[in-house]
Amino acid sequence: MALYPTTTRYAEPFDQLFDTFFGNAGRAANGNSLMRAPETDVIETEREIRVVTEMPGLKRENIDIDIENNVLTIRGEKREQRTEGEQGRWHLAERRYGTFTRSFVLPRDVDADNIQAAFQDGVLTVTVPKSEKARRRRIEIGGEVSQQQLGTESEQTQG
């Protein structure tokens with residue numbers, strides 16, 4: 001199977017370096033920081049393609065999924081909920097917040113009208129059924145062809 005993911009993915013040390021030197025360069029257009037795209041598994045079966053993505057800490061309402069021209073796109077936002085003062089002073093902040101986008105070019109025709117998504121225990125599972133046209137079909141071999149039938153067919157093609 002040939003699957004071509006595209007992603008906005010950043011290594012953590014470089015994120016910090018960019019934020020330190022370039023200010024908003026590590027920020028999305030809406031001012032939020034970009035978070036590392038979540039880890040994803042893509043599984044293809046005879047009838048479907050399943051995209052399973054770990055999204056700990058995200059809420060269902062902060063996840064968007066769409067498909068256009070056989071490109072499946074998953075977007076998410078993990079909102080930061082920390083303030084200094086009442087909650088104390090922060091000494092270490094390693095958890096990532098912000099937005100991400102992850103896109104996958106699907107390898108075959110899919111049945112876009114019947115795509116389903118489920119989100120449970122921080123894991124998003126998107127099930128993309130293959131269209132009938134894309135599914136493998138077994139072709140039955142008919143009976144033997146007689147020499148007479150072969151002769152008739154070749155006469156028709158010559159005449």
# chains A, B, ... in the order shown; residues from 1 in each chain; ligands from 1
call {"tool": "residues_around", "arguments": {"residues": "range 137-143 of chain A", "least_positions_apart": "4", "cutoff": "12 Å", "atoms": "only C-alpha atoms", "output": "PyMOL selection string"}}
result
chain A and resi 46-47+132-133
call {"tool": "residues_around", "arguments": {"residues": "Thr127 in chain A", "least_positions_apart": "5", "cutoff": "7 Å", "atoms": "only C-alpha atoms", "output": "ChimeraX atom specification"}}
result
/A:48-51,115-117
call {"tool": "residues_around", "arguments": {"residues": "Ile67 in chain A", "least_positions_apart": "5", "cutoff": "8 Å", "atoms": "only C-alpha atoms", "output": "PyMOL selection string"}}
result
chain A and resi 72-73+112
call {"tool": "residues_around", "arguments": {"residues": "Gly76 in chain A", "least_positions_apart": "4", "cutoff": "12 Å", "atoms": "only C-alpha atoms", "output": "PyMOL selection string"}}
result
chain A and resi 8+32+34-38+53-66+97-103+124
call {"tool": "write_last_selection", "arguments": {"atoms": "C-alpha atoms", "output": "short mmCIF file (atom, residue, chain, number, x, y, z; two decimals), in the first residue's frame"}}
result
data_model
loop_
_atom_site.label_atom_id
_atom_site.label_comp_id
_atom_site.auth_asym_id
_atom_site.auth_seq_id
_atom_site.Cartn_x
_atom_site.Cartn_y
_atom_site.Cartn_z
CA THR A 8 3.14 19.69 10.45
CA ASN A 32 -1.63 29.55 18.96
CA LEU A 34 1.96 24.65 16.76
CA MET A 35 2.00 21.32 18.55
CA ARG A 36 3.67 18.20 17.32
CA ALA A 37 1.32 16.11 15.17
CA PRO A 38 0.14 12.99 16.98
CA THR A 53 -4.37 8.51 15.89
CA GLU A 54 -3.34 9.03 19.51
CA MET A 55 -4.72 12.30 20.85
CA PRO A 56 -4.30 12.30 24.63
CA GLY A 57 -5.63 15.42 26.29
CA LEU A 58 -7.76 16.53 23.34
CA LYS A 59 -11.50 16.90 23.51
CA ARG A 60 -13.82 15.54 20.84
CA GLU A 61 -15.08 19.05 20.02
CA ASN A 62 -11.52 20.24 19.29
CA ILE A 63 -10.98 17.70 16.48
CA ASP A 64 -11.97 18.27 12.83
CA ILE A 65 -11.87 15.61 10.10
CA ASP A 66 -12.56 16.14 6.41
CA TYR A 97 -0.42 22.79 23.51
CA GLY A 98 -1.55 24.34 20.27
CA THR A 99 -2.83 23.18 16.91
CA PHE A 100 -1.80 20.54 14.41
CA THR A 101 -2.87 19.38 10.96
CA ARG A 102 -2.19 15.95 9.51
CA SER A 103 -3.19 14.94 5.96
CA LEU A 124 -9.28 8.70 17.25
#
call {"tool": "atom_distance", "arguments": {"atom1": "CA of Ser131 in chain A", "atom2": "CA of Thr45 in chain A"}}
result
12.6 Å
